Amino acid sequence: MTVERGSPAFRIAVHGAMILLSLLAIFPLWWMIATSLRPEGEVFSTALFPASPTLENYRAALEALPMPRILWNTFAMAALTAAAQAASGLLAAYALVFWRFRGARTAQVLIALSWLVPFQVVMIPNYVLATRLGMLDSLAGLVIPNAAAAFAVLLMINALRSFPKEIVEAARMDGAGSLRILVEVIVPNLRAPLASLGVLAFISAWNEYFWPLLLIRRMEASVVQIGLQFFMTQEGNDWGPLMAAATMASLPILALYLVLHRQVIDSFMRSGIR
Amino acid sequence: MLKRHLLAAGLLATLAAPQIAAAEMAEAITEPVTITFYNYNLASAGLGREATLGLIEEFMRRNPLVTVEPIAAPSNEVLSRVQADMVAGMQPDLAQLVFRDLIYAAKELGAEPLEDLAGEELAAHSVGMVPNGLALGEVEGKTYGLAYVFSTPVMFYNADLFRAAGLDPDQPPRTWEEVKDAGLAITKATGKHGFFPGAYGPIDGTFVYQAIVMSNGGKVRDGNTLTFADPAAAEAVAMLRDLMDSGAHARIDVGAHLDTFQSGNLGMFLWTSAVQNRLIKAAEGNFELRVAPMPAFGEKPTAPTNSGSALFLFSKEPEKQRAAWELMKFLTSEYAYNEITTKIGYLPLRPGMVEDPKWLKDWVEANPMIKPNLSQLERLTPNIAFPGPNYRQVENMMKEAMTEAVFGSGDPVETLKAAQERGQPLMPAE
């Protein structure tokens, strides 16, 4: 027996599969929230709902960590990094796409190759420099080394290559300079790729672990990924407070997703999942 | 894991600057001085952090001219942090490093040999320590690391599962044969897991594995020659494989052992007593937790090795050296071990405190679970660190081979031999 596309049976099957996949995707999130609400003796329970829910883990997490401060630090670091990467990517891409100069191709290849260098390789030289510049424990130290990214430049190059050159030429003939063309002509028409880049850079910076681990010494100046580590030790994890902190840490990203869900999905579709 | 290896490789390559020659330590602290203290107990929430902060505060109260700047880093990252700061020109003063880093810290990072630095003061300070206490941090006859927070492997067991399996929880297994029998009985009667040793990683060192090997008369290396596939060492691993094949040894994720035991799904768990407080909390209202000494190979005496960490002094300025040495002495004093043992759960390096009513006597009576661990102090056998710049890689190769030998299907001895052959070229030449 065959099921025709568009038939009720087909639709039920498709929706059933999608509901199942959605539940699978949501389950870890639910488990995080449920564990954060379980009392200590119930943390290893496999029941779907906490038998006696408590906010004790949230109290423990907030007592152990300056959570609002850490969330603000992370938000500021991620937002500034995303803005800086979008700006530097856009400027570099504009030069490489619309200006003709010797070495443009080589510069582009070098930028692409730099993407292949793991951050861990340049981390120590960056750390030495940041230390000498007095950037230990600072927001500037967290943002500046990541203010330019090869991924951002390449994404912007792709976006600008598909931008109609005639419009740029017309603006130039009308006497507009490069900066004006960029700000008044290109940026307003490049909102979608810029939003995509911003979202990806924000999420990537939000999840950054190694660089803050090295650079930051005081918990008040720290970020959320280091804060979560606070509940994980060689002698076991404090699952309750860890899940409470993780839930609080997920909220801003969740809010970002709710506001920008179309751009987030577009970002992953355009760039491939990083 | 790959990222960590890349980070370590980058640090090794960058840390090429020659060490500054040590000056003579100042006789006393006469003016204000600030020292850094790299510590992993501070990097996580809970009793370890609170107790350590309390100790630092007390030290500064007793030494008003000294300011201690604590720098927290997780135990598997603290060495990287020390190295990075050295490269950046911020010479660390005192660091808590795990024992696996002992030789590297002594030979490559320029940790100060305490005999040269403090001579008679060290001798006087070591009076009252366990016989092997100083040996835990020795490299080629000199003490580079002063044992700080440490423990030995003990067997935690779930008395409820013992009863359910018809076993007597007052008679825990003493030998590996008895572990096998008890593990099989628990598995058969309850459907839960029998036994698991915290010997396979992914985060902990190899101290449990080394304790099992040395209890059978084996060693993981002899000088610069790897010996973890030699008969006595390989037999110990083959014994674990036999437990696995029989079903007495749990086949679970190697990183999930603690959670499995805490959730009441594992009968016997051989690991550091540093988790005792955590296990007591997890067991409350769920199951009866008990502790026994680590099992033996027949009548052979066991060789419990040390987990945990030692303190390493890196200061190069005379005043800072004095301040760091004073902090080192304070952190290994009776006052400090009273705090460390009662609040964190590690062993006291000074066993006399256990009988002293001024210190731990009453506490030990009220917390008898520490007794099996204290009894093992008499046979404390130093954990063997690996030498040379590739020490972590060699240790990982050994650990992975041992895990494959126990969990895999191939011949365990051949698996170990193959890894030993691959690892030997990474060891320093004789």
# chains A, B, ... in the order shown; residues from 1 in each chain; ligands from 1

$ closest_atom_pairs --of "chain A" --to "chain B" --cutoff "7 Å" --atoms "only C-alpha atoms" --output "Markdown table"
| residue | atom | partner | partner_atom | distance |
| --- | --- | --- | --- | --- |
| A:Gly41 | CA | B:Ala282 | CA | 6.0 |
| A:Phe44 | CA | B:Ser263 | CA | 5.4 |
| A:Ala64 | CA | B:Ala45 | CA | 6.2 |
| A:Gln120 | CA | B:Leu7 | CA | 5.4 |
| A:Val121 | CA | B:Gly10 | CA | 5.9 |
| A:Ile124 | CA | B:Ala84 | CA | 6.6 |
| A:Val128 | CA | B:Ala88 | CA | 4.5 |
| A:Thr131 | CA | B:Ala88 | CA | 6.6 |
| A:Leu214 | CA | B:Arg81 | CA | 6.6 |
| A:Arg217 | CA | B:Ile71 | CA | 6.2 |
| A:Phe230 | CA | B:Ser44 | CA | 4.2 |
| A:Phe231 | CA | B:Ser44 | CA | 5.6 |
| A:Met232 | CA | B:Ser44 | CA | 6.7 |
| A:Thr233 | CA | B:Ser44 | CA | 6.4 |
| A:Gln234 | CA | B:Ile203 | CA | 6.5 |
| A:Glu235 | CA | B:Val275 | CA | 5.7 |
| A:Gly236 | CA | B:Leu258 | CA | 6.7 |

$ write_last_selection --atoms "C-alpha atoms" --output "PDB file, in the first residue's frame"
ATOM      1  CA  GLY A  41      18.984  13.655  47.142  1.00  0.00           C
ATOM      2  CA  PHE A  44      19.997  11.132  40.071  1.00  0.00           C
ATOM      3  CA  ALA A  64      28.477  30.757  44.749  1.00  0.00           C
ATOM      4  CA  GLN A 120      45.019  27.621  20.809  1.00  0.00           C
ATOM      5  CA  VAL A 121      48.115  28.128  18.655  1.00  0.00           C
ATOM      6  CA  ILE A 124      49.872  32.254  24.232  1.00  0.00           C
ATOM      7  CA  VAL A 128      51.708  37.677  26.420  1.00  0.00           C
ATOM      8  CA  THR A 131      49.423  41.016  29.634  1.00  0.00           C
ATOM      9  CA  LEU A 214      43.504  32.182  30.523  1.00  0.00           C
ATOM     10  CA  ARG A 217      41.536  35.865  37.208  1.00  0.00           C
ATOM     11  CA  PHE A 230      32.952  26.303  38.856  1.00  0.00           C
ATOM     12  CA  PHE A 231      30.529  23.450  39.590  1.00  0.00           C
ATOM     13  CA  MET A 232      32.578  20.811  37.764  1.00  0.00           C
ATOM     14  CA  THR A 233      35.573  19.299  39.526  1.00  0.00           C
ATOM     15  CA  GLN A 234      37.833  16.325  39.204  1.00  0.00           C
ATOM     16  CA  GLU A 235      36.013  14.924  42.209  1.00  0.00           C
ATOM     17  CA  GLY A 236      32.597  15.092  40.549  1.00  0.00           C
TER      18      GLY A 236
END

$ select_by_dssp --residues "stretch 248-339 of chain B" --states "strand (DSSP E)" --output "PDB file with all heavy atoms, in the first residue's frame"
ATOM      1  N   LEU B 266      25.832   1.084  41.526  1.00  0.00           N
ATOM      2  CA  LEU B 266      27.125   0.388  41.488  1.00  0.00           C
ATOM      3  C   LEU B 266      27.412  -0.123  42.900  1.00  0.00           C
ATOM      4  O   LEU B 266      27.283   0.619  43.875  1.00  0.00           O
ATOM      5  CB  LEU B 266      28.211   1.370  41.012  1.00  0.00           C
ATOM      6  CG  LEU B 266      29.656   0.879  40.993  1.00  0.00           C
ATOM      7  CD1 LEU B 266      29.832  -0.284  40.016  1.00  0.00           C
ATOM      8  CD2 LEU B 266      30.601   2.024  40.585  1.00  0.00           C
ATOM      9  N   GLY B 267      27.838  -1.398  42.991  1.00  0.00           N
ATOM     10  CA  GLY B 267      28.060  -1.998  44.309  1.00  0.00           C
ATOM     11  C   GLY B 267      29.352  -1.545  44.967  1.00  0.00           C
ATOM     12  O   GLY B 267      29.369  -1.160  46.141  1.00  0.00           O
ATOM     13  N   MET B 268      30.467  -1.588  44.189  1.00  0.00           N
ATOM     14  CA  MET B 268      31.789  -1.279  44.766  1.00  0.00           C
ATOM     15  C   MET B 268      32.524  -0.312  43.846  1.00  0.00           C
ATOM     16  O   MET B 268      32.517  -0.487  42.623  1.00  0.00           O
ATOM     17  CB  MET B 268      32.608  -2.574  44.899  1.00  0.00           C
ATOM     18  CG  MET B 268      32.038  -3.579  45.863  1.00  0.00           C
ATOM     19  SD  MET B 268      32.850  -5.190  45.696  1.00  0.00           S
ATOM     20  CE  MET B 268      32.088  -5.846  44.232  1.00  0.00           C
ATOM     21  N   PHE B 269      33.180   0.662  44.446  1.00  0.00           N
ATOM     22  CA  PHE B 269      33.808   1.725  43.661  1.00  0.00           C
ATOM     23  C   PHE B 269      35.148   2.067  44.310  1.00  0.00           C
ATOM     24  O   PHE B 269      35.203   2.544  45.441  1.00  0.00           O
ATOM     25  CB  PHE B 269      32.870   2.940  43.661  1.00  0.00           C
ATOM     26  CG  PHE B 269      33.394   4.138  42.925  1.00  0.00           C
ATOM     27  CD1 PHE B 269      34.092   4.007  41.730  1.00  0.00           C
ATOM     28  CD2 PHE B 269      33.154   5.412  43.406  1.00  0.00           C
ATOM     29  CE1 PHE B 269      34.549   5.125  41.046  1.00  0.00           C
ATOM     30  CE2 PHE B 269      33.598   6.537  42.727  1.00  0.00           C
ATOM     31  CZ  PHE B 269      34.310   6.391  41.551  1.00  0.00           C
ATOM     32  N   LEU B 270      36.222   1.796  43.579  1.00  0.00           N
ATOM     33  CA  LEU B 270      37.568   2.063  44.102  1.00  0.00           C
ATOM     34  C   LEU B 270      38.030   3.421  43.585  1.00  0.00           C
ATOM     35  O   LEU B 270      38.289   3.579  42.385  1.00  0.00           O
ATOM     36  CB  LEU B 270      38.522   0.959  43.615  1.00  0.00           C
ATOM     37  CG  LEU B 270      39.969   1.023  44.121  1.00  0.00           C
ATOM     38  CD1 LEU B 270      40.053   0.750  45.603  1.00  0.00           C
ATOM     39  CD2 LEU B 270      40.853   0.045  43.353  1.00  0.00           C
ATOM     40  N   TRP B 271      38.161   4.387  44.504  1.00  0.00           N
ATOM     41  CA  TRP B 271      38.609   5.722  44.066  1.00  0.00           C
ATOM     42  C   TRP B 271      39.128   6.525  45.246  1.00  0.00           C
ATOM     43  O   TRP B 271      39.148   6.047  46.375  1.00  0.00           O
ATOM     44  CB  TRP B 271      37.465   6.472  43.350  1.00  0.00           C
ATOM     45  CG  TRP B 271      37.986   7.422  42.295  1.00  0.00           C
ATOM     46  CD1 TRP B 271      39.157   7.266  41.581  1.00  0.00           C
ATOM     47  CD2 TRP B 271      37.392   8.634  41.836  1.00  0.00           C
ATOM     48  NE1 TRP B 271      39.293   8.316  40.704  1.00  0.00           N
ATOM     49  CE2 TRP B 271      38.244   9.173  40.840  1.00  0.00           C
ATOM     50  CE3 TRP B 271      36.240   9.322  42.165  1.00  0.00           C
ATOM     51  CZ2 TRP B 271      37.965  10.360  40.174  1.00  0.00           C
ATOM     52  CZ3 TRP B 271      35.957  10.509  41.492  1.00  0.00           C
ATOM     53  CH2 TRP B 271      36.803  11.011  40.505  1.00  0.00           C
ATOM     54  N   THR B 272      39.464   7.755  44.968  1.00  0.00           N
ATOM     55  CA  THR B 272      40.063   8.606  45.997  1.00  0.00           C
ATOM     56  C   THR B 272      39.066   8.923  47.119  1.00  0.00           C
ATOM     57  O   THR B 272      37.880   9.155  46.865  1.00  0.00           O
ATOM     58  CB  THR B 272      40.562   9.927  45.388  1.00  0.00           C
ATOM     59  OG1 THR B 272      40.900  10.829  46.434  1.00  0.00           O
ATOM     60  CG2 THR B 272      39.506  10.595  44.526  1.00  0.00           C
ATOM     61  N   LEU B 289      26.230   3.922  52.795  1.00  0.00           N
ATOM     62  CA  LEU B 289      27.592   3.976  52.251  1.00  0.00           C
ATOM     63  C   LEU B 289      28.574   3.432  53.282  1.00  0.00           C
ATOM     64  O   LEU B 289      28.500   3.773  54.462  1.00  0.00           O
ATOM     65  CB  LEU B 289      27.951   5.430  51.924  1.00  0.00           C
ATOM     66  CG  LEU B 289      29.384   5.691  51.466  1.00  0.00           C
ATOM     67  CD1 LEU B 289      29.605   5.175  50.049  1.00  0.00           C
ATOM     68  CD2 LEU B 289      29.714   7.178  51.534  1.00  0.00           C
ATOM     69  N   ARG B 290      29.498   2.595  52.793  1.00  0.00           N
ATOM     70  CA  ARG B 290      30.574   2.139  53.680  1.00  0.00           C
ATOM     71  C   ARG B 290      31.905   2.210  52.923  1.00  0.00           C
ATOM     72  O   ARG B 290      31.924   2.305  51.700  1.00  0.00           O
ATOM     73  CB  ARG B 290      30.311   0.707  54.151  1.00  0.00           C
ATOM     74  CG  ARG B 290      29.088   0.603  55.035  1.00  0.00           C
ATOM     75  CD  ARG B 290      29.203  -0.580  55.945  1.00  0.00           C
ATOM     76  NE  ARG B 290      27.937  -0.888  56.592  1.00  0.00           N
ATOM     77  CZ  ARG B 290      27.775  -1.928  57.370  1.00  0.00           C
ATOM     78  NH1 ARG B 290      28.781  -2.765  57.583  1.00  0.00           N
ATOM     79  NH2 ARG B 290      26.603  -2.158  57.940  1.00  0.00           N
ATOM     80  N   VAL B 291      32.996   2.104  53.685  1.00  0.00           N
ATOM     81  CA  VAL B 291      34.328   2.220  53.083  1.00  0.00           C
ATOM     82  C   VAL B 291      35.214   1.086  53.587  1.00  0.00           C
ATOM     83  O   VAL B 291      35.154   0.722  54.771  1.00  0.00           O
ATOM     84  CB  VAL B 291      34.992   3.565  53.458  1.00  0.00           C
ATOM     85  CG1 VAL B 291      36.303   3.734  52.695  1.00  0.00           C
ATOM     86  CG2 VAL B 291      34.082   4.733  53.170  1.00  0.00           C
ATOM     87  N   ALA B 292      36.037   0.542  52.683  1.00  0.00           N
ATOM     88  CA  ALA B 292      36.998  -0.504  53.058  1.00  0.00           C
ATOM     89  C   ALA B 292      38.344  -0.184  52.408  1.00  0.00           C
ATOM     90  O   ALA B 292      38.398   0.587  51.450  1.00  0.00           O
ATOM     91  CB  ALA B 292      36.488  -1.866  52.571  1.00  0.00           C
ATOM     92  N   PRO B 293      39.425  -0.790  52.913  1.00  0.00           N
ATOM     93  CA  PRO B 293      40.725  -0.595  52.251  1.00  0.00           C
ATOM     94  C   PRO B 293      40.707  -1.169  50.833  1.00  0.00           C
ATOM     95  O   PRO B 293      39.837  -1.984  50.507  1.00  0.00           O
ATOM     96  CB  PRO B 293      41.706  -1.369  53.122  1.00  0.00           C
ATOM     97  CG  PRO B 293      41.017  -1.573  54.422  1.00  0.00           C
ATOM     98  CD  PRO B 293      39.549  -1.618  54.116  1.00  0.00           C
ATOM     99  N   SER B 307      46.825  10.147  45.424  1.00  0.00           N
ATOM    100  CA  SER B 307      46.214  11.080  44.465  1.00  0.00           C
ATOM    101  C   SER B 307      46.523  12.479  44.985  1.00  0.00           C
ATOM    102  O   SER B 307      47.257  12.633  45.951  1.00  0.00           O
ATOM    103  CB  SER B 307      44.706  10.873  44.432  1.00  0.00           C
ATOM    104  OG  SER B 307      44.142  11.320  45.649  1.00  0.00           O
ATOM    105  N   GLY B 308      45.969  13.482  44.395  1.00  0.00           N
ATOM    106  CA  GLY B 308      46.075  14.834  44.939  1.00  0.00           C
ATOM    107  C   GLY B 308      47.234  15.627  44.390  1.00  0.00           C
ATOM    108  O   GLY B 308      47.623  15.452  43.238  1.00  0.00           O
ATOM    109  N   SER B 309      47.777  16.495  45.239  1.00  0.00           N
ATOM    110  CA  SER B 309      48.701  17.497  44.708  1.00  0.00           C
ATOM    111  C   SER B 309      49.798  17.853  45.704  1.00  0.00           C
ATOM    112  O   SER B 309      49.711  17.531  46.887  1.00  0.00           O
ATOM    113  CB  SER B 309      47.907  18.758  44.398  1.00  0.00           C
ATOM    114  OG  SER B 309      47.341  19.235  45.595  1.00  0.00           O
ATOM    115  N   ALA B 310      50.799  18.537  45.168  1.00  0.00           N
ATOM    116  CA  ALA B 310      51.889  19.045  46.006  1.00  0.00           C
ATOM    117  C   ALA B 310      52.032  20.543  45.751  1.00  0.00           C
ATOM    118  O   ALA B 310      51.525  21.068  44.756  1.00  0.00           O
ATOM    119  CB  ALA B 310      53.182  18.312  45.655  1.00  0.00           C
ATOM    120  N   LEU B 311      52.756  21.206  46.660  1.00  0.00           N
ATOM    121  CA  LEU B 311      53.016  22.640  46.497  1.00  0.00           C
ATOM    122  C   LEU B 311      54.414  22.817  45.910  1.00  0.00           C
ATOM    123  O   LEU B 311      55.372  22.195  46.377  1.00  0.00           O
ATOM    124  CB  LEU B 311      52.932  23.337  47.857  1.00  0.00           C
ATOM    125  CG  LEU B 311      51.572  23.268  48.550  1.00  0.00           C
ATOM    126  CD1 LEU B 311      51.685  23.800  49.979  1.00  0.00           C
ATOM    127  CD2 LEU B 311      50.536  24.070  47.768  1.00  0.00           C
ATOM    128  N   PHE B 312      54.516  23.676  44.901  1.00  0.00           N
ATOM    129  CA  PHE B 312      55.803  23.926  44.237  1.00  0.00           C
ATOM    130  C   PHE B 312      56.134  25.400  44.363  1.00  0.00           C
ATOM    131  O   PHE B 312      55.291  26.257  44.099  1.00  0.00           O
ATOM    132  CB  PHE B 312      55.717  23.541  42.752  1.00  0.00           C
ATOM    133  CG  PHE B 312      55.538  22.064  42.525  1.00  0.00           C
ATOM    134  CD1 PHE B 312      54.277  21.483  42.622  1.00  0.00           C
ATOM    135  CD2 PHE B 312      56.620  21.250  42.232  1.00  0.00           C
ATOM    136  CE1 PHE B 312      54.101  20.122  42.425  1.00  0.00           C
ATOM    137  CE2 PHE B 312      56.455  19.886  42.026  1.00  0.00           C
ATOM    138  CZ  PHE B 312      55.193  19.323  42.127  1.00  0.00           C
ATOM    139  N   LEU B 313      57.375  25.678  44.726  1.00  0.00           N
ATOM    140  CA  LEU B 313      57.796  27.066  44.937  1.00  0.00           C
ATOM    141  C   LEU B 313      58.576  27.535  43.704  1.00  0.00           C
ATOM    142  O   LEU B 313      59.587  26.922  43.332  1.00  0.00           O
ATOM    143  CB  LEU B 313      58.659  27.136  46.193  1.00  0.00           C
ATOM    144  CG  LEU B 313      58.876  28.514  46.800  1.00  0.00           C
ATOM    145  CD1 LEU B 313      59.143  28.389  48.302  1.00  0.00           C
ATOM    146  CD2 LEU B 313      60.018  29.261  46.159  1.00  0.00           C
TER     147      LEU B 313
END

$ atom_distance --atom1 "atom CA of B:Met427" --atom2 "atom CA of B:Ala234"
19.7 Å

$ residues_around --residues "A:Asn189" --least-positions-apart "2" --cutoff "12 Å" --atoms "only C-alpha atoms" --output "PDB file with N, CA and C atoms, in the first residue's frame"
ATOM      1  N   ALA A 159      28.807  37.830   0.451  1.00  0.00           N
ATOM      2  CA  ALA A 159      27.613  38.678   0.370  1.00  0.00           C
ATOM      3  C   ALA A 159      27.842  39.834  -0.606  1.00  0.00           C
ATOM      4  N   LEU A 160      29.024  40.440  -0.556  1.00  0.00           N
ATOM      5  CA  LEU A 160      29.285  41.602  -1.419  1.00  0.00           C
ATOM      6  C   LEU A 160      29.458  41.204  -2.888  1.00  0.00           C
ATOM      7  N   SER A 162      27.749  39.126  -4.473  1.00  0.00           N
ATOM      8  CA  SER A 162      26.434  39.015  -5.109  1.00  0.00           C
ATOM      9  C   SER A 162      25.695  40.360  -5.089  1.00  0.00           C
ATOM     10  N   PHE A 163      26.353  41.379  -4.554  1.00  0.00           N
ATOM     11  CA  PHE A 163      25.719  42.712  -4.534  1.00  0.00           C
ATOM     12  C   PHE A 163      25.891  43.349  -5.910  1.00  0.00           C
ATOM     13  N   PRO A 164      24.815  43.917  -6.502  1.00  0.00           N
ATOM     14  CA  PRO A 164      24.921  44.462  -7.868  1.00  0.00           C
ATOM     15  C   PRO A 164      25.975  45.573  -7.954  1.00  0.00           C
ATOM     16  N   ILE A 167      24.964  49.316  -8.905  1.00  0.00           N
ATOM     17  CA  ILE A 167      24.479  50.270  -7.893  1.00  0.00           C
ATOM     18  C   ILE A 167      25.665  51.015  -7.287  1.00  0.00           C
ATOM     19  N   VAL A 168      26.737  50.289  -7.040  1.00  0.00           N
ATOM     20  CA  VAL A 168      27.934  50.913  -6.455  1.00  0.00           C
ATOM     21  C   VAL A 168      28.517  51.913  -7.452  1.00  0.00           C
ATOM     22  N   ILE A 181      29.282  55.195   0.331  1.00  0.00           N
ATOM     23  CA  ILE A 181      28.685  54.056  -0.408  1.00  0.00           C
ATOM     24  C   ILE A 181      28.448  52.889   0.562  1.00  0.00           C
ATOM     25  N   LEU A 182      29.450  52.646   1.383  1.00  0.00           N
ATOM     26  CA  LEU A 182      29.348  51.522   2.318  1.00  0.00           C
ATOM     27  C   LEU A 182      28.191  51.726   3.308  1.00  0.00           C
ATOM     28  N   VAL A 183      28.168  52.924   3.880  1.00  0.00           N
ATOM     29  CA  VAL A 183      27.193  53.169   4.950  1.00  0.00           C
ATOM     30  C   VAL A 183      25.783  53.375   4.401  1.00  0.00           C
ATOM     31  N   GLU A 184      25.669  54.122   3.302  1.00  0.00           N
ATOM     32  CA  GLU A 184      24.328  54.510   2.836  1.00  0.00           C
ATOM     33  C   GLU A 184      23.758  53.601   1.756  1.00  0.00           C
ATOM     34  N   VAL A 185      24.645  52.924   1.039  1.00  0.00           N
ATOM     35  CA  VAL A 185      24.132  52.077  -0.059  1.00  0.00           C
ATOM     36  C   VAL A 185      24.207  50.587   0.302  1.00  0.00           C
ATOM     37  N   ILE A 186      25.368  50.182   0.749  1.00  0.00           N
ATOM     38  CA  ILE A 186      25.560  48.734   0.933  1.00  0.00           C
ATOM     39  C   ILE A 186      24.914  48.219   2.226  1.00  0.00           C
ATOM     40  N   VAL A 187      25.260  48.855   3.360  1.00  0.00           N
ATOM     41  CA  VAL A 187      24.772  48.321   4.643  1.00  0.00           C
ATOM     42  C   VAL A 187      23.245  48.175   4.687  1.00  0.00           C
ATOM     43  N   ARG A 191      21.366  43.789   5.254  1.00  0.00           N
ATOM     44  CA  ARG A 191      20.950  43.518   6.638  1.00  0.00           C
ATOM     45  C   ARG A 191      20.929  42.024   6.958  1.00  0.00           C
ATOM     46  N   ALA A 192      20.433  41.230   6.015  1.00  0.00           N
ATOM     47  CA  ALA A 192      20.288  39.794   6.305  1.00  0.00           C
ATOM     48  C   ALA A 192      21.641  39.130   6.567  1.00  0.00           C
ATOM     49  N   PRO A 193      22.624  39.269   5.634  1.00  0.00           N
ATOM     50  CA  PRO A 193      23.929  38.633   5.947  1.00  0.00           C
ATOM     51  C   PRO A 193      24.608  39.235   7.163  1.00  0.00           C
ATOM     52  N   LEU A 194      24.422  40.539   7.391  1.00  0.00           N
ATOM     53  CA  LEU A 194      25.035  41.136   8.588  1.00  0.00           C
ATOM     54  C   LEU A 194      24.397  40.581   9.861  1.00  0.00           C
ATOM     55  N   ALA A 195      23.082  40.399   9.811  1.00  0.00           N
ATOM     56  CA  ALA A 195      22.395  39.815  10.978  1.00  0.00           C
ATOM     57  C   ALA A 195      22.868  38.381  11.199  1.00  0.00           C
TER      58      ALA A 195
END

$ closest_residue --among "A:Ala150, A:Leu48, A:Leu29, A:Leu133" --to "A:Phe119" --atoms "only C-alpha atoms"
A:Ala150

$ select_by_dssp --residues "stretch 24-175 of chain A" --states "helix (DSSP H, G or I)" --output "NGL selection string"
:A and (24-36 or 40-42 or 56-64 or 67-98 or 104-114 or 119-132 or 139-146 or 150-161 or 165-173)

$ residues_around --residues "stretch 79-88 of chain A" --least-positions-apart "6" --cutoff "8 Å" --atoms "only C-alpha atoms" --output "list in words"
Val143, Ile144, Asn146, Ala147, Ala148, Ala149, Ala152, Val153, Leu194, Leu197, Gly198, Val199, Leu200, Ala201, Phe202 and Ala205 of chain A

$ write_last_selection --atoms "N, CA, C and O atoms" --output "short mmCIF file (atom, residue, chain, number, x, y, z; two decimals), in the first residue's frame"
data_model
loop_
_atom_site.label_atom_id
_atom_site.label_comp_id
_atom_site.auth_asym_id
_atom_site.auth_seq_id
_atom_site.Cartn_x
_atom_site.Cartn_y
_atom_site.Cartn_z
N VAL A 143 37.71 41.02 24.18
CA VAL A 143 37.12 41.34 22.86
C VAL A 143 38.19 41.54 21.79
O VAL A 143 38.08 40.98 20.68
N ILE A 144 39.21 42.33 22.08
CA ILE A 144 40.13 42.78 21.02
C ILE A 144 40.79 41.64 20.23
O ILE A 144 40.81 41.68 19.00
N ASN A 146 39.65 38.95 19.42
CA ASN A 146 38.65 38.31 18.54
C ASN A 146 37.88 39.33 17.71
O ASN A 146 36.84 39.00 17.14
N ALA A 147 38.39 40.56 17.63
CA ALA A 147 37.63 41.60 16.94
C ALA A 147 37.61 41.42 15.44
O ALA A 147 36.73 41.96 14.76
N ALA A 148 38.57 40.69 14.91
CA ALA A 148 38.57 40.40 13.47
C ALA A 148 38.62 38.89 13.30
O ALA A 148 39.36 38.21 14.01
N ALA A 149 37.80 38.37 12.39
CA ALA A 149 37.76 36.93 12.19
C ALA A 149 37.70 36.62 10.71
O ALA A 149 36.96 37.28 9.95
N ALA A 152 34.27 35.96 9.34
CA ALA A 152 33.45 37.16 9.10
C ALA A 152 33.81 37.80 7.76
O ALA A 152 32.94 38.19 6.98
N VAL A 153 35.10 37.88 7.49
CA VAL A 153 35.54 38.49 6.22
C VAL A 153 35.03 37.66 5.04
O VAL A 153 34.48 38.20 4.07
N LEU A 194 24.42 40.54 7.39
CA LEU A 194 25.03 41.14 8.59
C LEU A 194 24.40 40.58 9.86
O LEU A 194 25.09 40.30 10.85
N LEU A 197 25.75 37.09 10.38
CA LEU A 197 27.10 37.13 10.93
C LEU A 197 27.05 37.52 12.41
O LEU A 197 27.73 36.91 13.25
N GLY A 198 26.24 38.51 12.72
CA GLY A 198 26.14 38.97 14.10
C GLY A 198 25.67 37.86 15.02
O GLY A 198 26.23 37.64 16.09
N VAL A 199 24.64 37.12 14.57
CA VAL A 199 24.10 36.04 15.40
C VAL A 199 25.15 34.96 15.62
O VAL A 199 25.39 34.50 16.75
N LEU A 200 25.82 34.55 14.54
CA LEU A 200 26.82 33.48 14.67
C LEU A 200 27.99 33.92 15.55
O LEU A 200 28.47 33.16 16.39
N ALA A 201 28.45 35.15 15.33
CA ALA A 201 29.58 35.65 16.12
C ALA A 201 29.19 35.78 17.59
O ALA A 201 29.98 35.48 18.49
N PHE A 202 27.94 36.20 17.84
CA PHE A 202 27.48 36.35 19.22
C PHE A 202 27.45 35.00 19.92
O PHE A 202 27.96 34.84 21.03
N ALA A 205 31.00 33.72 20.52
CA ALA A 205 31.67 34.42 21.61
C ALA A 205 31.05 34.03 22.96
O ALA A 205 31.74 33.89 23.96
#
